[in-house]
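**Q** Next up, coords-v9.tsv (TSV, C-alpha atoms).
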```
chain	number	residue	atom	x	y	z
U	1	MET	CA	-59.21	109.35	-73.18
U	2	ALA	CA	-56.45	106.77	-73.43
U	3	LEU	CA	-54.47	108.67	-70.78
U	4	LEU	CA	-57.46	108.61	-68.43
U	5	VAL	CA	-57.86	104.84	-68.78
U	6	GLN	CA	-54.12	104.26	-68.25
U	7	LEU	CA	-54.13	106.37	-65.09
U	8	ALA	CA	-57.24	104.54	-63.90
U	9	GLN	CA	-55.52	101.19	-64.47
U	10	ILE	CA	-52.55	102.30	-62.36
U	11	LYS	CA	-54.83	103.52	-59.57
U	12	LEU	CA	-57.01	100.43	-59.61
U	13	ARG	CA	-54.05	98.05	-59.55
U	14	GLY	CA	-53.01	99.65	-56.28
U	15	ASP	CA	-56.55	99.35	-54.93
U	16	GLU	CA	-56.75	95.69	-55.98
U	17	GLU	CA	-54.26	94.73	-53.28
U	18	GLU	CA	-56.19	96.54	-50.55
U	19	ASP	CA	-59.92	96.27	-51.30
U	20	GLU	CA	-62.11	93.39	-50.21
U	21	PHE	CA	-63.66	92.66	-53.62
U	22	SER	CA	-63.27	89.13	-55.01
U	23	GLN	CA	-60.75	88.13	-57.64
U	24	GLU	CA	-63.63	87.45	-60.01
U	25	ALA	CA	-64.82	91.06	-59.69
U	26	TRP	CA	-61.34	92.41	-60.38
U	27	ALA	CA	-60.97	90.06	-63.36
U	28	ARG	CA	-64.18	91.44	-64.89
U	29	LEU	CA	-63.09	95.01	-64.27
U	30	ASN	CA	-59.69	94.39	-65.88
U	31	ALA	CA	-61.35	92.75	-68.88
U	32	ASP	CA	-63.52	95.83	-69.39
U	33	LEU	CA	-60.49	98.12	-69.09
U	34	ASP	CA	-58.57	96.06	-71.64
U	35	PHE	CA	-61.51	96.27	-74.05
U	36	VAL	CA	-61.67	100.06	-73.73
U	37	MET	CA	-57.95	100.33	-74.47
U	38	ARG	CA	-58.10	98.03	-77.50
U	39	ASP	CA	-59.09	99.06	-81.01
U	40	ALA	CA	-62.84	98.43	-81.01
U	41	SER	CA	-63.15	98.53	-84.79
U	42	ALA	CA	-62.35	94.87	-85.34
U	43	GLY	CA	-64.56	91.98	-84.35
U	44	SER	CA	-67.83	90.32	-85.25
U	45	THR	CA	-69.88	91.72	-88.10
U	46	GLU	CA	-73.03	89.86	-87.07
U	47	ALA	CA	-76.13	92.04	-87.45
U	48	VAL	CA	-77.75	93.38	-84.29
U	49	GLU	CA	-81.55	93.25	-84.16
U	50	LEU	CA	-83.37	96.31	-82.85
U	51	SER	CA	-86.96	97.00	-81.85
U	52	PRO	CA	-88.95	99.25	-84.21
U	53	GLU	CA	-88.72	102.12	-81.71
U	54	LEU	CA	-84.91	101.98	-81.72
U	55	GLU	CA	-84.49	101.60	-85.49
U	56	THR	CA	-84.58	105.36	-86.01
U	57	LEU	CA	-82.46	106.19	-82.94
U	58	ILE	CA	-79.45	103.91	-83.53
U	59	GLY	CA	-77.56	104.38	-86.78
U	60	ALA	CA	-75.66	101.88	-88.91
U	61	GLU	CA	-72.27	102.79	-87.44
U	62	ALA	CA	-73.55	102.30	-83.89
U	63	ARG	CA	-74.98	98.91	-84.88
U	64	GLU	CA	-71.60	97.78	-86.12
U	65	GLY	CA	-70.10	98.91	-82.83
U	66	LEU	CA	-72.72	96.95	-80.90
U	67	ALA	CA	-71.78	93.81	-82.82
U	68	VAL	CA	-68.15	94.31	-81.76
U	69	HIS	CA	-69.18	94.81	-78.13
U	70	ALA	CA	-71.37	91.70	-78.18
U	71	HIS	CA	-68.51	89.65	-79.62
U	72	ALA	CA	-65.92	90.86	-77.08
U	73	LEU	CA	-67.80	91.13	-73.78
U	74	GLY	CA	-70.29	88.63	-72.42
U	75	TRP	CA	-72.23	91.13	-70.33
U	76	CYS	CA	-72.63	93.36	-73.40
U	77	ARG	CA	-73.98	90.42	-75.36
U	78	SER	CA	-76.74	90.02	-72.77
U	79	TRP	CA	-78.10	93.57	-72.84
U	80	ILE	CA	-77.63	93.99	-76.58
U	81	LYS	CA	-80.04	91.09	-77.08
U	82	THR	CA	-82.69	93.03	-75.16
U	83	LEU	CA	-82.60	95.84	-77.72
U	84	SER	CA	-84.81	93.79	-80.02
U	85	SER	CA	-87.63	93.45	-77.47
U	86	ASP	CA	-87.28	95.74	-74.44
U	87	GLY	CA	-87.51	98.99	-76.39
U	88	ALA	CA	-89.15	101.43	-73.97
U	89	GLU	CA	-86.31	101.54	-71.44
U	90	TRP	CA	-83.68	102.00	-74.13
U	91	VAL	CA	-85.73	104.61	-75.99
U	92	ALA	CA	-85.83	106.64	-72.78
U	93	PHE	CA	-82.05	106.23	-72.49
U	94	MET	CA	-81.43	107.33	-76.08
U	95	GLN	CA	-83.64	110.41	-75.70
U	96	ASN	CA	-82.29	111.46	-72.31
U	97	ALA	CA	-80.27	114.69	-72.25
U	98	GLU	CA	-77.88	113.07	-69.73
U	99	PRO	CA	-77.90	109.36	-70.64
U	100	GLU	CA	-74.80	108.65	-68.53
U	101	ARG	CA	-77.04	109.09	-65.48
U	102	SER	CA	-79.77	106.73	-66.71
U	103	VAL	CA	-77.93	103.63	-68.00
U	104	PRO	CA	-80.23	100.68	-67.22
U	105	ARG	CA	-78.99	98.84	-64.15
U	106	SER	CA	-79.93	95.55	-65.78
U	107	ALA	CA	-77.36	96.26	-68.52
U	108	VAL	CA	-74.30	96.93	-66.36
U	109	LEU	CA	-75.16	93.97	-64.10
U	110	ALA	CA	-76.19	91.67	-66.94
U	111	ASP	CA	-73.67	89.02	-65.81
U	112	GLY	CA	-74.73	89.02	-62.15
U	113	SER	CA	-74.44	91.21	-59.07
U	114	GLU	CA	-70.73	90.55	-58.48
U	115	LEU	CA	-69.92	94.20	-59.27
U	116	ALA	CA	-72.96	95.78	-57.60
U	117	GLN	CA	-70.87	97.41	-54.81
U	118	MET	CA	-67.87	98.26	-57.01
U	119	ALA	CA	-68.43	101.90	-58.03
U	120	ALA	CA	-65.50	102.10	-60.45
U	121	ALA	CA	-66.57	98.96	-62.31
U	122	LEU	CA	-70.16	100.18	-62.63
U	123	ALA	CA	-69.02	103.60	-63.86
U	124	LEU	CA	-66.73	101.95	-66.42
U	125	ARG	CA	-69.57	99.81	-67.74
U	126	GLU	CA	-71.83	102.85	-67.93
U	127	PHE	CA	-69.09	104.54	-69.93
U	128	ILE	CA	-68.90	101.56	-72.32
U	129	VAL	CA	-72.67	101.63	-72.88
U	130	VAL	CA	-72.70	105.39	-73.46
U	131	ARG	CA	-69.75	105.17	-75.86
U	132	ALA	CA	-71.57	102.51	-77.88
U	133	LEU	CA	-74.97	104.21	-78.10
U	134	ARG	CA	-74.49	107.91	-77.32
U	135	PRO	CA	-70.97	108.97	-78.36
U	136	ASP	CA	-71.96	112.63	-77.96
U	137	ARG	CA	-71.94	112.06	-74.16
U	138	VAL	CA	-68.63	110.21	-73.95
U	139	LEU	CA	-66.86	113.04	-72.14
U	140	ALA	CA	-69.57	113.28	-69.48
U	141	ALA	CA	-69.48	109.51	-68.94
U	142	ALA	CA	-65.67	109.58	-68.77
U	143	ALA	CA	-65.89	112.31	-66.12
U	144	ARG	CA	-68.17	110.10	-63.99
U	145	PHE	CA	-65.74	107.20	-64.38
U	146	ALA	CA	-62.79	109.38	-63.35
U	147	ALA	CA	-64.70	110.62	-60.29
U	148	ALA	CA	-65.51	107.02	-59.30
U	149	VAL	CA	-61.85	105.96	-59.62
U	150	PHE	CA	-60.04	108.94	-58.11
U	151	GLY	CA	-62.70	110.15	-55.66
U	152	SER	CA	-65.03	108.64	-53.10
U	153	ALA	CA	-68.66	107.60	-53.36
U	154	GLY	CA	-70.97	110.37	-54.56
U	155	GLN	CA	-68.22	112.85	-55.40
U	156	THR	CA	-68.15	114.80	-58.63
U	157	LEU	CA	-65.03	115.29	-60.72
U	158	GLU	CA	-64.55	118.81	-59.34
U	159	GLN	CA	-64.95	117.63	-55.73
U	160	CYS	CA	-62.12	115.12	-56.09
U	161	GLY	CA	-59.70	117.76	-57.41
U	162	MET	CA	-60.18	117.29	-61.16
U	163	VAL	CA	-62.09	119.26	-63.78
U	164	ALA	CA	-63.72	118.07	-66.98
U	165	GLU	CA	-63.17	121.42	-68.69
U	166	ALA	CA	-60.55	123.85	-67.47
U	167	ASN	CA	-61.25	127.55	-67.07
U	168	LEU	CA	-58.22	129.10	-68.73
U	169	ALA	CA	-58.77	132.48	-67.06
U	170	ARG	CA	-58.78	130.85	-63.64
U	171	VAL	CA	-55.70	128.79	-64.49
U	172	VAL	CA	-53.80	131.93	-65.49
U	173	SER	CA	-54.82	134.03	-62.50
U	174	GLU	CA	-55.02	131.49	-59.66
U	175	GLU	CA	-53.21	128.26	-60.51
U	176	THR	CA	-49.93	129.35	-62.13
U	177	THR	CA	-46.92	131.58	-61.47
U	178	PRO	CA	-44.57	133.40	-63.88
U	179	ALA	CA	-42.11	130.49	-63.66
U	180	MET	CA	-44.80	127.88	-64.44
U	181	PRO	CA	-45.60	127.59	-68.16
U	182	ILE	CA	-49.09	126.68	-69.32
U	183	ALA	CA	-49.00	123.77	-71.78
U	184	LEU	CA	-52.00	123.48	-74.10
U	185	CYS	CA	-51.89	119.98	-75.57
U	186	SER	CA	-54.23	118.91	-78.35
U	187	VAL	CA	-54.75	116.16	-80.87
U	188	PRO	CA	-53.37	116.69	-84.40
U	189	GLY	CA	-55.50	119.14	-86.36
U	190	HIS	CA	-56.92	120.87	-83.28
U	191	ASP	CA	-55.23	124.17	-82.42
U	192	ALA	CA	-55.76	125.59	-78.93
U	193	ALA	CA	-53.88	128.85	-79.56
U	194	TYR	CA	-57.08	130.77	-80.25
U	195	ARG	CA	-58.09	130.27	-76.59
U	196	VAL	CA	-55.08	132.30	-75.51
U	197	ASP	CA	-55.78	134.99	-78.10
U	198	ALA	CA	-59.41	135.22	-77.01
U	199	LEU	CA	-58.45	135.45	-73.32
U	200	ALA	CA	-55.86	138.13	-74.08
U	201	ARG	CA	-58.46	140.24	-75.89
U	202	GLU	CA	-60.91	139.76	-73.05
U	203	GLN	CA	-58.36	140.83	-70.41
U	204	GLN	CA	-56.67	143.39	-72.69
U	205	ARG	CA	-53.25	141.79	-72.31
U	206	THR	CA	-50.34	142.00	-74.74
U	207	VAL	CA	-49.34	138.67	-76.30
U	208	HIS	CA	-46.09	138.00	-78.17
U	209	ALA	CA	-46.88	135.05	-80.45
U	210	VAL	CA	-44.14	132.99	-82.12
U	211	ALA	CA	-44.57	130.02	-84.46
U	212	MET	CA	-41.95	127.37	-83.71
U	213	GLY	CA	-40.38	124.91	-86.12
U	214	SER	CA	-37.58	126.96	-87.68
U	215	ILE	CA	-34.23	128.43	-86.60
U	216	GLU	CA	-35.72	131.92	-86.88
U	217	GLY	CA	-38.54	130.82	-84.57
U	218	LEU	CA	-36.08	129.82	-81.85
U	219	ALA	CA	-34.39	133.24	-81.95
U	220	LEU	CA	-37.72	135.06	-81.94
U	221	ALA	CA	-38.92	132.94	-79.00
U	222	ASP	CA	-35.85	133.86	-76.94
U	223	GLN	CA	-36.38	137.53	-77.73
U	224	ALA	CA	-40.10	137.40	-76.91
U	225	ILE	CA	-39.47	135.74	-73.54
U	226	ALA	CA	-36.78	138.28	-72.64
U	227	LEU	CA	-39.02	141.21	-73.57
U	228	ALA	CA	-42.12	139.85	-71.82
U	229	ALA	CA	-40.13	139.04	-68.67
U	230	LYS	CA	-39.29	142.75	-68.43
U	231	THR	CA	-42.72	144.16	-69.28
U	232	GLY	CA	-44.94	141.54	-67.59
U	233	SER	CA	-46.75	140.58	-70.79
U	234	TRP	CA	-47.63	137.15	-72.20
U	235	VAL	CA	-45.73	134.89	-74.60
U	236	LEU	CA	-47.44	132.32	-76.83
U	237	LEU	CA	-45.17	129.74	-78.44
U	238	LYS	CA	-47.09	127.73	-81.03
U	239	ASN	CA	-46.37	124.11	-81.98
U	240	VAL	CA	-43.40	123.68	-79.63
U	241	HIS	CA	-43.36	119.92	-80.37
U	242	LEU	CA	-41.63	120.94	-83.63
U	243	ALA	CA	-38.70	122.26	-81.57
U	244	ALA	CA	-38.42	119.49	-78.98
U	245	SER	CA	-34.64	119.75	-78.67
U	246	TRP	CA	-34.93	123.45	-77.73
U	247	LEU	CA	-37.42	122.75	-74.94
U	248	GLY	CA	-34.63	121.49	-72.68
U	249	GLN	CA	-32.99	124.91	-72.88
U	250	LEU	CA	-36.34	126.55	-72.16
U	251	GLU	CA	-36.79	124.45	-69.03
U	252	LYS	CA	-33.37	125.50	-67.68
U	253	ARG	CA	-34.17	129.12	-68.45
U	254	LEU	CA	-37.43	128.92	-66.50
U	255	GLN	CA	-35.56	127.72	-63.42
U	256	THR	CA	-33.68	131.00	-63.17
U	257	LEU	CA	-36.34	133.28	-64.65
U	258	ARG	CA	-37.21	136.43	-62.69
U	259	ALA	CA	-40.32	138.04	-64.10
U	260	PRO	CA	-43.21	140.25	-62.89
U	261	ASP	CA	-46.43	138.64	-61.70
U	262	GLY	CA	-48.16	139.47	-64.98
U	263	PHE	CA	-45.77	137.37	-67.09
U	264	ARG	CA	-47.18	134.10	-68.45
U	265	LEU	CA	-45.73	131.61	-70.93
U	266	PHE	CA	-48.15	129.56	-73.04
U	267	LEU	CA	-46.99	126.53	-75.03
U	268	THR	CA	-49.26	124.93	-77.63
U	269	MET	CA	-48.34	121.47	-78.84
U	270	GLU	CA	-49.67	118.27	-80.28
U	271	ILE	CA	-49.62	115.27	-77.97
U	272	ASN	CA	-46.16	114.01	-78.85
U	273	PRO	CA	-43.61	111.79	-77.04
U	274	ALA	CA	-40.78	114.11	-78.14
U	275	VAL	CA	-41.88	116.74	-75.61
U	276	PRO	CA	-39.74	116.36	-72.44
U	277	PRO	CA	-41.81	114.85	-69.59
U	278	SER	CA	-39.94	117.03	-67.09
U	279	LEU	CA	-41.29	120.16	-68.80
U	280	LEU	CA	-44.86	118.82	-68.67
U	281	ARG	CA	-44.46	118.06	-64.96
U	282	ARG	CA	-43.27	121.61	-64.36
U	283	ALA	CA	-46.09	123.12	-66.42
U	284	ARG	CA	-49.81	123.39	-65.83
U	285	THR	CA	-50.91	121.02	-68.56
U	286	LEU	CA	-54.33	121.21	-70.21
U	287	VAL	CA	-55.51	118.76	-72.87
U	288	PHE	CA	-58.03	119.83	-75.50
U	289	GLU	CA	-59.95	117.50	-77.83
U	290	PRO	CA	-62.77	118.21	-80.27
U	291	ALA	CA	-66.16	117.09	-78.99
U	292	PRO	CA	-67.25	113.71	-80.41
U	293	GLY	CA	-70.41	113.77	-82.51
U	294	ILE	CA	-72.47	116.49	-84.18
U	295	ARG	CA	-74.75	116.91	-81.19
U	296	ALA	CA	-71.86	117.49	-78.78
U	297	ASN	CA	-70.25	119.90	-81.24
U	298	MET	CA	-73.54	121.77	-81.59
U	299	LEU	CA	-73.91	122.14	-77.83
U	300	GLU	CA	-70.31	123.32	-77.47
U	301	SER	CA	-70.72	125.87	-80.25
U	302	LEU	CA	-74.07	127.16	-79.01
U	303	THR	CA	-72.83	127.61	-75.44
U	304	SER	CA	-69.91	129.71	-76.71
U	305	ILE	CA	-72.19	132.20	-78.52
U	306	PRO	CA	-72.63	135.52	-76.66
U	307	ALA	CA	-76.00	137.19	-76.21
U	308	SER	CA	-77.57	138.56	-79.40
U	309	THR	CA	-78.14	142.30	-79.81
U	310	GLY	CA	-79.21	142.34	-83.46
U	311	PRO	CA	-82.52	141.68	-85.23
U	312	ALA	CA	-84.74	138.75	-84.30
U	313	GLU	CA	-83.53	136.77	-87.33
U	314	LEU	CA	-79.89	136.79	-86.16
U	315	PRO	CA	-80.22	133.84	-83.71
U	316	ARG	CA	-81.49	131.68	-86.60
U	317	LEU	CA	-78.39	132.45	-88.65
U	318	ARG	CA	-76.22	131.74	-85.62
U	319	PHE	CA	-77.90	128.37	-85.24
U	320	MET	CA	-77.29	127.56	-88.92
U	321	LEU	CA	-73.67	128.58	-88.49
U	322	ALA	CA	-73.30	126.30	-85.45
U	323	TRP	CA	-74.79	123.46	-87.51
U	324	LEU	CA	-72.35	124.13	-90.39
U	325	HIS	CA	-69.38	124.22	-88.02
U	326	SER	CA	-70.46	120.97	-86.34
U	327	VAL	CA	-70.75	119.18	-89.68
U	328	VAL	CA	-67.37	120.51	-90.83
U	329	ILE	CA	-65.66	119.38	-87.61
U	330	GLU	CA	-67.41	116.00	-87.51
U	331	ARG	CA	-66.35	115.16	-91.07
U	332	LEU	CA	-62.72	115.42	-89.92
U	333	ARG	CA	-63.25	112.18	-87.97
U	334	TYR	CA	-63.87	110.34	-91.24
U	335	ALA	CA	-60.95	111.65	-93.31
U	336	PRO	CA	-60.20	110.85	-96.08
U	337	LEU	CA	-63.90	110.14	-96.63
U	338	GLY	CA	-65.34	113.16	-94.82
U	339	TRP	CA	-62.58	115.46	-96.11
U	340	THR	CA	-59.75	114.28	-98.32
U	341	THR	CA	-57.29	115.94	-95.90
U	342	PRO	CA	-57.58	116.45	-92.11
U	343	TYR	CA	-57.72	120.24	-92.29
U	344	GLU	CA	-57.06	122.25	-89.14
U	345	PHE	CA	-60.58	123.58	-88.62
U	346	SER	CA	-61.07	124.86	-85.08
U	347	ASP	CA	-63.32	126.97	-82.87
U	348	ALA	CA	-61.32	129.99	-84.05
U	349	ASP	CA	-63.00	129.55	-87.45
U	350	PHE	CA	-66.40	129.48	-85.80
U	351	ALA	CA	-65.63	132.65	-83.82
U	352	CYS	CA	-64.52	134.43	-86.99
U	353	ALA	CA	-67.59	133.23	-88.91
U	354	LEU	CA	-69.85	134.32	-86.05
U	355	ALA	CA	-68.37	137.82	-86.03
U	356	THR	CA	-68.75	138.02	-89.83
U	357	VAL	CA	-72.40	136.97	-89.84
U	358	ASP	CA	-73.23	139.31	-86.94
U	359	CYS	CA	-71.57	142.25	-88.69
U	360	TRP	CA	-73.37	141.80	-92.01
U	361	VAL	CA	-76.80	141.12	-90.54
U	362	VAL	CA	-76.67	143.99	-88.03
U	363	ARG	CA	-75.55	146.41	-90.74
U	364	ALA	CA	-78.32	145.22	-93.07
U	365	ALA	CA	-80.96	145.64	-90.35
U	366	HIS	CA	-80.11	149.37	-89.79
U	367	GLY	CA	-81.18	149.19	-86.17
U	368	ARG	CA	-84.57	147.58	-86.83
U	369	ALA	CA	-85.85	144.74	-84.63
U	370	ASN	CA	-86.63	142.56	-87.68
U	371	ILE	CA	-85.24	142.16	-91.16
U	372	ASP	CA	-86.80	140.61	-94.24
U	373	PRO	CA	-84.83	137.38	-94.98
U	374	ALA	CA	-84.63	138.47	-98.63
U	375	ARG	CA	-82.70	141.60	-97.57
U	376	ILE	CA	-79.98	139.66	-95.72
U	377	PRO	CA	-76.75	139.81	-97.79
U	378	TRP	CA	-76.65	136.06	-98.44
U	379	THR	CA	-74.17	136.28	-101.31
U	380	ALA	CA	-71.60	138.10	-99.20
U	381	ILE	CA	-72.04	135.71	-96.26
U	382	ARG	CA	-71.80	132.61	-98.46
U	383	THR	CA	-68.71	133.92	-100.23
U	384	LEU	CA	-66.87	134.80	-97.03
U	385	LEU	CA	-67.67	131.42	-95.46
U	386	SER	CA	-66.80	129.32	-98.50
U	387	GLU	CA	-63.83	131.28	-99.86
U	388	CYS	CA	-62.17	132.78	-96.78
U	389	ILE	CA	-63.13	131.51	-93.33
U	390	TYR	CA	-63.62	127.78	-93.93
U	391	GLY	CA	-62.70	127.55	-97.60
U	392	GLY	CA	-59.38	129.29	-97.00
U	393	ARG	CA	-58.06	126.14	-95.30
U	394	ILE	CA	-59.12	123.83	-98.13
U	395	ASP	CA	-56.75	122.96	-100.99
U	396	SER	CA	-58.86	120.31	-102.72
U	397	ASP	CA	-61.36	121.20	-105.45
U	398	PHE	CA	-63.59	118.30	-104.42
U	399	ASP	CA	-63.64	119.35	-100.75
U	400	HIS	CA	-64.34	122.92	-101.79
U	401	ARG	CA	-67.34	121.83	-103.85
U	402	VAL	CA	-68.67	119.85	-100.89
U	403	LEU	CA	-68.32	122.88	-98.62
U	404	ARG	CA	-70.06	125.12	-101.17
U	405	VAL	CA	-72.99	122.69	-101.36
U	406	PHE	CA	-73.45	122.83	-97.59
U	407	ILE	CA	-73.20	126.62	-97.43
U	408	ASP	CA	-75.39	127.30	-100.48
U	409	ARG	CA	-78.13	125.02	-99.15
U	410	TRP	CA	-78.19	126.31	-95.59
U	411	PHE	CA	-77.45	130.02	-95.99
U	412	CYS	CA	-80.35	131.25	-98.06
U	413	ALA	CA	-83.67	132.99	-97.50
U	414	ASP	CA	-85.61	129.69	-97.61
U	415	ALA	CA	-83.58	128.30	-94.71
```
Please express the file's structure as structure tokens.

**A**
Amino acid sequence: MALLVQLAQIKLRGDEEEDEFSQEAWARLNADLDFVMRDASAGSTEAVELSPELETLIGAEAREGLAVHAHALGWCRSWIKTLSSDGAEWVAFMQNAEPERSVPRSAVLADGSELAQMAAALALREFIVVRALRPDRVLAAAARFAAAVFGSAGQTLEQCGMVAEANLARVVSEETTPAMPIALCSVPGHDAAYRVDALAREQQRTVHAVAMGSIEGLALADQAIALAAKTGSWVLLKNVHLAASWLGQLEKRLQTLRAPDGFRLFLTMEINPAVPPSLLRRARTLVFEPAPGIRANMLESLTSIPASTGPAELPRLRFMLAWLHSVVIERLRYAPLGWTTPYEFSDADFACALATVDCWVVRAAHGRANIDPARIPWTAIRTLLSECIYGGRIDSDFDHRVLRVFIDRWFCADA
């Protein structure tokens, strides 16, 4: 997100010298950009009054954020005051499935119509409103802002040559060559390697995976690349930011590499300044971040679930599993309060848990269309989830007890 705003600032500074908008309009836009880039956790702690209809829709954390917005930006102060009286319009916004498309016009133009014809400024303000009230739709609002900055009026992100979520299969087959590595960048604690493993299984490709960070890893990586370059298979180098000094040698090797069309080199890494910028420019770089908010995590998990072929009760267990995964991932944002340690939970854990639940429930059903909830092997499912799949990453007794409470409460016949 920070990278998007920085790129937008660079683009808009160039436009500022050419466009016909007033200096006042550009000053307001720059002030909003500066606010987005700053740490929004510090500021006024004055309570924000809400109408009775909004009391149940806006939580305590969002209220604190609203107080910060009201303290920092004058136009935010104006529309935040309306939350105590003009409830109907904001209730509709909060309950909308795509709130980024229904931000009240009176909010983004609360300080006058100076920005009415400035698409980028309006999209940025819509993003600020969505981030304050509906953080689960931040990515969608950011995509609209990026389209407004880098495209023309009415264009979507895809139409202006950018994508909100990359299709890894398409990137591999259509957008890269054997000499172009695919860099999968992620925030700390979020591993994107499972995406490569899943794609390899889907396409029945051979993958040589090597964990970097040791001298042995460097030697194994060289051997894997040499072997794959002969056979046309894939190479997955994990956590290459731990071997930043070796990446310069890798870049030189890629310049002279002669490999079959089927060869692909995948590099997973945390976003780290030690990675050579020249390598990232040469690579097809994809950035992965966990979805913000339980709702966004739920939607992401549910959309990744394949069609069900088991008993009618299986979709309910899948929904409970998606809820568990969303809670586990969301609590990482509040470490060390959510979890004492930022464990590396990822969608790979959800995929493994999904396969486990499907296997046990289908076997217990014996081909029947329905199964009595009491006959579902709850003990086995709870044990595998709490001791192996999710619990296997946990090294704190307290965190393990918290996880067991969640699993024991949700994975039972009563649920």

**Q** Measuring between all atoms listed in the file, which one of U:Asp32, U:Asp347, U:Glu313, U:Glu64 shows the shortest distance to Leu122 (chain U)?

**A**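 So, comparing all the options, the nearest one is U:Asp32.
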
**Q** Mind checking which residues fall within 9 Å of Ala369 (chain U), counting all atoms listed in the file, ignoring those fewer than 6 positions away in the same chain, and posting them as a list in words?

**A**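 These residues fall inside the cut-off: Gly310, Pro311, Ala312 and Glu313 of chain U.
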
**Q** Using all atoms listed in the file, which residues sit within 9 Å of region 373-383 of chain U once same-chain residues fewer than 4 positions away are excluded, as a PyMOL selection string?

**A** chain U and resi 313+353+356-357+360-361+364-365+387-388+404+407-408+411-414

**Q** When you draw a straight line from CA of Trp26 (chain U) to CA of Leu133 (chain U), how long is it in Å?

**A**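 We find that CA of Trp26 (chain U) and CA of Leu133 (chain U) lie 25.3 Å from each other.
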
**Q** Between U:Gln117, U:Ser304, U:Thr231, U:Ser278, which residue has the minimum interatomic distance to Lys252 (chain U), considering all atoms listed in the file?

**A**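 Counting all atoms listed in the file, the residue closest to Lys252 (chain U) is U:Ser278.
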
**Q** Using all atoms listed in the file for the distances, tell me which of U:Trp410, U:Phe21, U:Phe150, U:Phe288 is nearest to Leu317 (chain U).

**A**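 Selected residue with least distance to Leu317 (chain U): U:Trp410.
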
**Q** Can you work out which one of U:Ala348, U:Ala221, U:Val130, U:Ala296 has the shortest atom-to-atom distance to Trp323 (chain U), counting all atoms listed in the file?

**A**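 Nearest candidate to Trp323 (chain U) out of U:Ala348, U:Ala221, U:Val130, U:Ala296: U:Ala296.
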